[in-house]
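Heads up, input_39.cif below (mmCIF, C-alpha atoms and all ligand atoms):
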data_coords
#
loop_
_atom_site.label_atom_id
_atom_site.label_comp_id
_atom_site.auth_asym_id
_atom_site.auth_seq_id
_atom_site.Cartn_x
_atom_site.Cartn_y
_atom_site.Cartn_z
CA MET A 1 0.00 0.00 0.00
CA TYR A 2 2.83 2.45 0.83
CA SER A 3 6.04 2.59 -1.20
CA THR A 4 8.24 4.63 1.15
CA ILE A 5 6.83 3.72 4.55
CA ALA A 6 6.60 0.33 6.23
CA THR A 7 4.07 -0.26 8.98
CA GLU A 8 3.63 -2.95 11.55
CA GLN A 9 0.86 -3.07 14.16
CA LYS A 10 1.02 -5.14 17.31
CA ASN A 11 -0.97 -4.91 20.56
CA GLY A 12 -2.38 -1.51 19.67
CA LEU A 13 1.03 -0.04 18.80
CA LEU A 14 1.93 1.04 15.27
CA LYS A 15 5.57 1.04 14.14
CA ILE A 16 6.05 3.47 11.25
CA THR A 17 9.36 2.99 9.44
CA ILE A 18 10.53 5.57 6.90
CA ASN A 19 11.73 3.20 4.23
CA ARG A 20 14.18 4.62 1.67
CA PRO A 21 17.41 3.20 3.07
CA GLU A 22 19.26 3.68 -0.24
CA LYS A 23 18.81 7.46 0.28
CA LEU A 24 19.24 7.28 4.05
CA ASN A 25 15.43 7.70 4.34
CA ALA A 26 15.49 11.27 2.97
CA LEU A 27 12.04 12.86 2.87
CA ASN A 28 10.76 13.38 -0.66
CA ASP A 29 7.20 14.34 -1.71
CA ILE A 30 6.08 10.72 -1.68
CA VAL A 31 7.31 10.08 1.87
CA LEU A 32 5.59 13.24 3.08
CA SER A 33 2.29 12.42 1.42
CA GLU A 34 2.37 8.80 2.60
CA LEU A 35 3.19 9.97 6.10
CA LYS A 36 0.18 12.29 5.99
CA THR A 37 -2.13 9.51 4.78
CA MET A 38 -0.74 7.24 7.49
CA LEU A 39 -1.36 9.82 10.23
CA LEU A 40 -4.94 10.35 9.09
CA SER A 41 -5.66 6.63 9.05
CA MET A 42 -4.01 6.23 12.45
CA ARG A 43 -6.23 9.00 13.84
CA ASP A 44 -9.36 7.24 12.59
CA ASP A 45 -8.37 3.68 13.50
CA ALA A 46 -9.56 2.88 17.03
CA SER A 47 -7.37 -0.23 17.15
CA ILE A 48 -4.22 1.98 17.08
CA LYS A 49 -3.42 3.56 20.45
CA GLY A 50 0.01 5.03 19.73
CA ALA A 51 2.99 4.91 17.38
CA ILE A 52 6.76 4.76 17.08
CA ILE A 53 8.50 6.44 14.14
CA THR A 54 11.89 5.05 13.11
CA GLY A 55 14.07 4.67 10.01
CA ALA A 56 14.88 1.65 7.85
CA GLY A 57 18.41 0.23 7.77
CA GLU A 58 21.25 0.35 10.22
CA LYS A 59 22.58 3.80 9.46
CA SER A 60 19.89 6.42 9.34
CA PHE A 61 16.70 7.63 10.95
CA VAL A 62 16.11 10.32 8.30
CA ALA A 63 19.01 12.22 6.66
CA GLY A 64 16.85 15.25 5.87
CA ALA A 65 14.58 16.56 3.17
CA ASP A 66 15.51 15.09 -0.22
CA ILE A 67 18.11 17.48 -1.61
CA GLY A 68 17.76 15.88 -5.06
CA GLY A 69 14.99 18.19 -6.29
CA PHE A 70 16.13 21.40 -4.56
CA LEU A 71 17.59 23.09 -7.67
CA GLN A 72 14.15 23.04 -9.32
CA VAL A 73 12.44 24.77 -6.37
CA ASP A 74 11.82 28.54 -6.62
CA LYS A 75 11.02 31.03 -3.86
CA THR A 76 7.26 30.43 -3.86
CA GLN A 77 7.59 26.66 -4.09
CA GLY A 78 10.19 26.75 -1.30
CA ALA A 79 7.76 28.47 1.04
CA GLN A 80 5.02 26.03 0.00
CA LEU A 81 7.35 23.08 0.64
CA ALA A 82 8.11 24.38 4.12
CA MET A 83 4.43 24.91 4.94
CA HIS A 84 3.59 21.43 3.65
CA GLY A 85 6.26 19.82 5.86
CA GLN A 86 5.28 22.00 8.81
CA ASP A 87 1.61 20.94 8.47
CA ILE A 88 2.47 17.25 8.48
CA PHE A 89 4.88 17.56 11.42
CA SER A 90 2.22 19.54 13.31
CA MET A 91 -0.17 16.64 12.75
CA ILE A 92 2.36 14.45 14.58
CA GLU A 93 2.81 16.95 17.41
CA GLN A 94 -0.94 17.43 17.76
CA SER A 95 -1.85 13.77 17.38
CA GLY A 96 -4.27 12.79 20.15
CA LYS A 97 -2.43 9.46 20.32
CA PRO A 98 1.13 9.39 21.67
CA ILE A 99 3.91 9.21 19.07
CA MET A 100 7.57 8.72 19.94
CA ALA A 101 10.68 8.80 17.76
CA ALA A 102 13.16 5.92 17.94
CA VAL A 103 16.19 7.60 16.34
CA ASN A 104 18.35 4.81 14.97
CA GLY A 105 21.07 6.78 13.14
CA PHE A 106 21.34 10.10 11.26
CA ALA A 107 18.63 12.59 12.24
CA LEU A 108 19.63 15.55 10.11
CA GLY A 109 17.67 18.53 8.83
CA GLY A 110 14.10 17.33 8.24
CA GLY A 111 15.04 14.15 10.14
CA CYS A 112 15.89 16.07 13.29
CA GLU A 113 12.72 18.11 12.71
CA LEU A 114 10.65 14.94 12.34
CA ALA A 115 12.07 13.55 15.59
CA MET A 116 11.37 16.86 17.36
CA SER A 117 7.74 16.85 16.22
CA CYS A 118 7.20 13.56 18.05
CA HIS A 119 6.06 13.73 21.67
CA PHE A 120 9.44 12.47 22.89
CA ARG A 121 12.60 10.76 21.61
CA TYR A 122 14.87 7.80 22.36
CA ALA A 123 18.14 7.48 20.42
CA SER A 124 20.57 4.69 19.67
CA ALA A 125 24.09 5.29 20.97
CA ASP A 126 25.34 5.76 17.39
CA ALA A 127 22.66 8.31 16.40
CA LYS A 128 23.75 11.71 15.10
CA PHE A 129 21.71 14.92 15.17
CA GLY A 130 22.04 18.19 13.33
CA GLN A 131 20.47 20.96 11.28
CA PRO A 132 23.00 21.20 8.43
CA GLU A 133 20.82 23.35 6.12
CA ILE A 134 23.20 26.32 6.47
CA ASN A 135 25.79 24.30 4.51
CA LEU A 136 23.37 24.30 1.56
CA GLY A 137 22.68 28.01 1.87
CA ILE A 138 19.21 27.47 3.32
CA ILE A 139 17.65 27.20 6.78
CA PRO A 140 15.52 24.57 8.54
CA GLY A 141 12.00 24.69 7.08
CA TYR A 142 9.96 21.97 8.77
CA GLY A 143 9.64 23.68 12.13
CA GLY A 144 13.30 23.30 13.17
CA THR A 145 13.96 26.91 14.14
CA GLN A 146 10.94 26.80 16.44
CA ARG A 147 11.04 23.32 17.98
CA LEU A 148 14.82 23.19 18.44
CA THR A 149 14.72 26.54 20.25
CA ARG A 150 11.93 25.34 22.53
CA LEU A 151 13.61 22.01 23.24
CA ILE A 152 17.22 23.03 23.88
CA GLY A 153 17.06 26.83 24.30
CA LYS A 154 17.86 29.69 21.96
CA GLY A 155 21.64 29.86 22.40
CA ARG A 156 22.23 26.15 21.86
CA ALA A 157 19.76 26.04 18.96
CA MET A 158 21.43 29.02 17.27
CA GLU A 159 24.86 27.43 17.63
CA LEU A 160 23.77 24.04 16.25
CA MET A 161 22.00 25.63 13.26
CA MET A 162 24.80 28.13 12.59
CA ARG A 163 27.61 25.56 12.84
CA GLY A 164 25.66 23.10 10.69
CA ASP A 165 27.59 20.16 12.08
CA MET A 166 26.46 17.04 13.91
CA ILE A 167 26.27 16.15 17.57
CA ASP A 168 26.30 12.62 18.88
CA ALA A 169 23.60 10.92 20.96
CA ALA A 170 25.39 11.56 24.27
CA GLU A 171 25.48 15.30 23.57
CA ALA A 172 21.86 15.24 22.35
CA TYR A 173 20.94 13.65 25.67
CA ARG A 174 22.98 16.16 27.66
CA ILE A 175 21.19 19.13 26.09
CA GLY A 176 17.71 17.59 26.35
CA LEU A 177 17.15 16.81 22.69
CA VAL A 178 16.56 13.13 23.49
CA ASN A 179 15.15 11.48 26.60
CA LYS A 180 17.29 8.37 26.61
CA VAL A 181 20.25 6.76 24.80
CA ILE A 182 20.12 3.01 24.21
CA ALA A 183 22.40 0.42 22.55
CA HIS A 184 21.53 0.28 18.85
CA ASN A 185 20.26 -3.31 18.91
CA GLN A 186 17.98 -2.65 21.91
CA LEU A 187 16.45 0.61 20.74
CA ILE A 188 13.23 -0.74 19.24
CA GLU A 189 12.66 -3.24 22.03
CA GLU A 190 12.93 -0.51 24.64
CA ALA A 191 10.84 1.93 22.63
CA VAL A 192 8.10 -0.70 22.29
CA ALA A 193 8.17 -1.47 26.03
CA THR A 194 7.82 2.23 26.88
CA MET A 195 5.02 2.77 24.40
CA GLN A 196 3.17 -0.34 25.58
CA LEU A 197 3.23 1.10 29.08
CA ILE A 198 2.02 4.48 27.84
CA ILE A 199 -0.82 3.16 25.69
CA SER A 200 -2.10 1.12 28.64
CA LYS A 201 -3.04 4.45 30.28
CA PRO A 202 -6.52 5.94 29.76
CA GLN A 203 -6.65 7.27 26.21
CA PRO A 204 -8.79 10.42 26.77
CA ALA A 205 -6.42 11.52 29.55
CA LEU A 206 -3.40 10.94 27.26
CA SER A 207 -5.01 13.11 24.56
CA ALA A 208 -5.86 15.80 27.10
CA LEU A 209 -2.32 15.95 28.44
CA ILE A 210 -0.86 16.12 24.92
CA GLU A 211 -3.15 19.05 24.10
CA ALA A 212 -2.47 20.92 27.34
CA THR A 213 1.31 20.33 27.16
CA ASN A 214 1.44 21.46 23.53
CA ALA A 215 -0.28 24.69 24.59
CA ALA A 216 2.84 25.51 26.63
CA ASP A 217 4.70 25.94 23.31
CA ASP A 218 1.98 27.89 21.58
CA ASP A 219 1.94 31.65 22.11
CA THR A 220 -1.53 31.86 20.59
CA LYS A 221 -2.98 29.68 23.35
CA ASP A 222 -3.36 30.15 27.06
CA GLY A 223 -1.68 26.98 28.35
CA TYR A 224 -3.13 27.35 31.83
CA ALA A 225 -6.66 27.71 30.44
CA SER A 226 -6.11 24.69 28.20
CA GLU A 227 -4.86 22.67 31.17
CA ALA A 228 -7.81 23.70 33.36
CA LYS A 229 -10.30 22.86 30.61
CA SER A 230 -8.78 19.40 30.02
CA PHE A 231 -8.44 18.79 33.76
CA GLY A 232 -12.12 19.59 34.25
CA HIS A 233 -13.05 17.46 31.26
CA ALA A 234 -11.25 14.45 32.77
CA PHE A 235 -13.30 14.72 35.95
CA ALA A 236 -16.35 12.48 36.20
CA SER A 237 -15.15 10.54 33.12
CA ASP A 238 -15.47 6.73 33.34
CA ASN A 239 -11.68 6.45 33.44
CA MET A 240 -11.38 8.97 36.26
CA ILE A 241 -14.02 7.16 38.31
CA GLU A 242 -12.28 3.82 37.69
CA GLY A 243 -8.76 5.20 38.39
CA VAL A 244 -9.72 6.93 41.61
CA THR A 245 -11.94 4.07 42.80
CA ALA A 246 -9.13 1.57 42.13
CA PHE A 247 -6.69 3.70 44.12
CA LEU A 248 -9.10 3.95 47.04
CA GLU A 249 -9.80 0.22 46.87
CA LYS A 250 -6.04 -0.52 46.67
CA ARG A 251 -6.31 -2.41 43.38
CA LYS A 252 -5.09 -1.96 39.79
CA PRO A 253 -7.34 0.16 37.56
CA ASN A 254 -9.12 -1.45 34.68
CA PHE A 255 -9.29 1.35 32.08
CA LYS A 256 -11.50 1.06 29.02
N1 LIG A 301 18.69 13.99 0.24
C1 LIG A 301 18.88 13.20 -0.82
N2 LIG A 301 19.75 12.17 -0.82
C2 LIG A 301 20.43 11.94 0.29
C3 LIG A 301 20.29 12.73 1.44
C4 LIG A 301 19.36 13.79 1.39
N3 LIG A 301 19.12 14.59 2.44
N4 LIG A 301 21.13 12.25 2.40
C5 LIG A 301 21.76 11.20 1.86
N5 LIG A 301 21.34 11.00 0.59
C6 LIG A 301 21.77 9.97 -0.35
C7 LIG A 301 23.17 10.23 -0.91
O1 LIG A 301 23.11 11.16 -1.97
C8 LIG A 301 23.55 8.85 -1.35
O2 LIG A 301 22.87 8.55 -2.54
P1 LIG A 301 23.67 7.86 -3.77
O3 LIG A 301 24.17 6.56 -3.22
O4 LIG A 301 22.62 7.70 -4.82
O5 LIG A 301 24.78 8.79 -4.12
C9 LIG A 301 22.94 7.96 -0.26
O6 LIG A 301 21.91 8.73 0.33
C10 LIG A 301 23.93 7.56 0.80
O7 LIG A 301 24.50 8.75 1.35
P2 LIG A 301 26.07 9.01 1.46
O8 LIG A 301 26.29 10.49 1.46
O9 LIG A 301 26.81 8.21 0.43
O10 LIG A 301 26.36 8.39 2.90
P3 LIG A 301 27.55 8.79 3.90
O11 LIG A 301 27.52 7.79 4.99
O12 LIG A 301 28.81 9.02 3.18
O13 LIG A 301 27.10 10.22 4.50
C11 LIG A 301 25.54 11.79 5.48
C12 LIG A 301 25.95 10.30 5.29
C13 LIG A 301 24.21 11.80 6.22
C14 LIG A 301 26.61 12.52 6.29
C15 LIG A 301 25.40 12.46 4.10
O14 LIG A 301 24.58 11.64 3.27
C16 LIG A 301 24.77 13.83 4.14
O15 LIG A 301 25.43 14.80 4.49
N6 LIG A 301 23.49 13.94 3.74
C17 LIG A 301 22.78 15.20 3.65
C18 LIG A 301 22.35 15.68 5.03
C19 LIG A 301 21.68 17.03 4.93
O16 LIG A 301 22.25 18.02 4.53
N7 LIG A 301 20.40 17.05 5.31
C20 LIG A 301 19.60 18.25 5.33
C21 LIG A 301 18.91 18.45 4.04
S1 LIG A 301 17.98 19.96 4.00
#
For this file, write the structure as structure tokens.
Amino acid sequence: MYSTIATEQKNGLLKITINRPEKLNALNDIVLSELKTMLLSMRDDASIKGAIITGAGEKSFVAGADIGGFLQVDKTQGAQLAMHGQDIFSMIEQSGKPIMAAVNGFALGGGCELAMSCHFRYASADAKFGQPEINLGIIPGYGGTQRLTRLIGKGRAMELMMRGDMIDAAEAYRIGLVNKVIAHNQLIEEAVATMQLIISKPQPALSALIEATNAADDDTKDGYASEAKSFGHAFASDNMIEGVTAFLEKRKPNFK
């Protein structure tokens, strides 16, 4: 069904693998449109509770937007390309179902931006991160200037984008770009275990916390108001009644 994405669903968890290993999983138009279709079908499929995004092959998560067609892109098309990528990565960030990145190698340019659009990130010990667009005479266009700044702070983000070089997984962990660094051959196993734990939590509460937490990054929204609204909404829900009752009865909750 997809030519540049591989999917695998098990126990409510979807593994989405960007699958162009011969081009280090670079994001061309087809990958972006398949990713969008995938996200829409994930949203509408009640059997999917959450997802992991990773890259095919041993070497790369995603080595960036596909540079191959760049010389044919003019000013207007460049802006359109950026907005298209931004829209799709925002769909990931705003997904009501948790999505994590399992960064298994190069996460450069659009690859680093894809990882940053996920709700959180684990990396293999050999992963490499960077925003090397400056070396091509351009700048990050899929949300990188915004999300990198929010994740690691303005000074560090400026330096990484201005230098255009790579940092390793240990440094990415040190500056808060990734949550955890794991041996390459254990990355997926550990990502799956974490996501299985997360998707066992009550789904409406997960969606509410994603929405309220995202509001912290959005100057157009009042994050406190969003939190209060979602907090109130969670009250008197079936899951809240079950979770609180189970706590009071000293037993494990049985969420629907
Ligand atoms: N777009 C298009 N093709 C890409 C690509 C990208 N972003 N990144 C890698 N590729 C392709 C290479 O052109 C090469 O294709 P070929 O075999 O047909 O020549 C293939 O993937 C393997 O890459 P290669 O450069 O040979 O691997 P390497 O191990 O020597 O180097 C990188 C790996 C990641 C350091 C290097 O590929 C690179 O710098 N890529 C571009 C990263 C970048 O600037 N990304 C931001 C884009 S805005």
Practice item. Find the residue from A:Leu27, A:Ala125, A:Ala205, A:Ala246 that sits nearest to ligand LIG 301 (chain A); use only C-alpha atoms and all ligand atoms when measuring. Key: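 Of A:Leu27, A:Ala125, A:Ala205, A:Ala246, the one nearest ligand LIG 301 (chain A) is A:Leu27, counting only C-alpha atoms and all ligand atoms.
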**Study point:** Given all atoms listed in the file as the counted atoms, nearest of A:Phe106, A:Tyr2, A:Phe89, A:Phe129 to ligand LIG 301 (chain A)
**Key:**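 That would be A:Phe106, the residue with the smallest distance to ligand LIG 301 (chain A).
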Point to revise | Straight-line distance linking CA of Ile30 in chain A with CA of Ile88 in chain A, stated in Å to one decimal | key: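 So the two atoms, CA of Ile30 in chain A and CA of Ile88 in chain A, lie 12.6 Å apart.
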**Study point:** Point-to-point distance from CA of Gly50 in chain A to CA of Lys36 in chain A, Å rounded to tenths
**Key:**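 Separation of CA of Gly50 in chain A and CA of Lys36 in chain A: 15.5 Å.
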Practice item. Excluding range 229-236 of chain A and residues on its chain fewer than 2 positions from it, collect all residues at most 6 Å away from it, counting all atoms listed in the file, and give them as a list of chain:residue names. Key: A:Ala208, A:Ser226, A:Glu227
Point to revise | Test item: which residues lie within 7 Å of (16.9, 5.8, 23.9) counting only C-alpha atoms, as a list in words | key: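 The residues that fall inside the cut-off are Arg121, Tyr122, Ala123, Ser124, Asn179, Lys180, Val181, Ile182 and Leu187 of chain A.
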Review point. Counting only C-alpha atoms and all ligand atoms, which protein, DNA or RNA residues come within 6 Å of ligand LIG 301 (chain A), given as a PyMOL selection string?
Key: chain A and resi 22-24+26+63-68+108-109+132-133
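Using all atoms listed in the file for every distance, the candidate list A:Asp74, A:Asp29, A:Asp126, A:Asp218 yields A:Asp126 as the residue closest to Glu58 in chain A.
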Point to revise | Residue with smallest distance to Ala115 in chain A - pool A:Leu151, A:Leu160, A:Leu136, A:Ile167, counting all atoms listed in the file | key: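 Using all atoms listed in the file, the shortest distance to Ala115 in chain A belongs to A:Leu151.
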Place N, CA and C atoms on range 228-253 of chain A and deliver the coordinates as a short mmCIF file (atom, residue, chain, number, x, y, z; two decimals), keeping the file's coordinate frame.
data_model
loop_
_atom_site.label_atom_id
_atom_site.label_comp_id
_atom_site.auth_asym_id
_atom_site.auth_seq_id
_atom_site.Cartn_x
_atom_site.Cartn_y
_atom_site.Cartn_z
N ALA A 228 -6.64 23.71 32.48
CA ALA A 228 -7.81 23.70 33.36
C ALA A 228 -9.01 23.07 32.67
N LYS A 229 -9.17 23.40 31.36
CA LYS A 229 -10.30 22.86 30.61
C LYS A 229 -10.19 21.33 30.52
N SER A 230 -8.97 20.85 30.16
CA SER A 230 -8.78 19.40 30.02
C SER A 230 -8.88 18.70 31.38
N PHE A 231 -8.38 19.36 32.41
CA PHE A 231 -8.44 18.79 33.76
C PHE A 231 -9.90 18.60 34.16
N GLY A 232 -10.69 19.66 33.94
CA GLY A 232 -12.12 19.59 34.25
C GLY A 232 -12.81 18.51 33.45
N HIS A 233 -12.44 18.42 32.16
CA HIS A 233 -13.05 17.46 31.26
C HIS A 233 -12.81 16.02 31.75
N ALA A 234 -11.62 15.81 32.32
CA ALA A 234 -11.25 14.45 32.77
C ALA A 234 -12.07 14.03 33.99
N PHE A 235 -12.53 15.04 34.75
CA PHE A 235 -13.30 14.72 35.95
C PHE A 235 -14.65 14.12 35.58
N ALA A 236 -15.06 13.15 36.40
CA ALA A 236 -16.35 12.48 36.20
C ALA A 236 -16.37 11.63 34.93
N SER A 237 -15.19 11.47 34.26
CA SER A 237 -15.15 10.54 33.12
C SER A 237 -15.12 9.12 33.70
N ASP A 238 -15.49 8.13 32.88
CA ASP A 238 -15.47 6.73 33.34
C ASP A 238 -14.07 6.35 33.83
N ASN A 239 -13.05 6.82 33.07
CA ASN A 239 -11.68 6.45 33.44
C ASN A 239 -11.27 7.08 34.77
N MET A 240 -11.72 8.32 35.00
CA MET A 240 -11.38 8.97 36.26
C MET A 240 -12.05 8.22 37.41
N ILE A 241 -13.32 7.86 37.23
CA ILE A 241 -14.02 7.16 38.31
C ILE A 241 -13.33 5.82 38.59
N GLU A 242 -12.94 5.11 37.51
CA GLU A 242 -12.28 3.82 37.69
C GLU A 242 -10.90 4.01 38.34
N GLY A 243 -10.11 4.99 37.86
CA GLY A 243 -8.76 5.20 38.39
C GLY A 243 -8.78 5.57 39.86
N VAL A 244 -9.66 6.48 40.22
CA VAL A 244 -9.72 6.93 41.61
C VAL A 244 -10.30 5.83 42.51
N THR A 245 -11.34 5.15 42.01
CA THR A 245 -11.94 4.07 42.80
C THR A 245 -10.90 2.97 43.05
N ALA A 246 -10.14 2.63 41.99
CA ALA A 246 -9.13 1.57 42.13
C ALA A 246 -8.08 1.97 43.16
N PHE A 247 -7.67 3.24 43.13
CA PHE A 247 -6.69 3.70 44.12
C PHE A 247 -7.26 3.55 45.52
N LEU A 248 -8.49 4.00 45.70
CA LEU A 248 -9.10 3.95 47.04
C LEU A 248 -9.33 2.51 47.49
N GLU A 249 -9.58 1.63 46.53
CA GLU A 249 -9.80 0.22 46.87
C GLU A 249 -8.50 -0.58 46.87
N LYS A 250 -7.37 0.10 46.67
CA LYS A 250 -6.04 -0.52 46.67
C LYS A 250 -5.96 -1.68 45.67
N ARG A 251 -6.42 -1.42 44.45
CA ARG A 251 -6.31 -2.41 43.38
C ARG A 251 -5.86 -1.71 42.10
N LYS A 252 -5.52 -2.53 41.07
CA LYS A 252 -5.09 -1.96 39.79
C LYS A 252 -6.31 -1.47 39.01
N PRO A 253 -6.19 -0.30 38.33
CA PRO A 253 -7.34 0.16 37.56
C PRO A 253 -7.55 -0.68 36.30
#
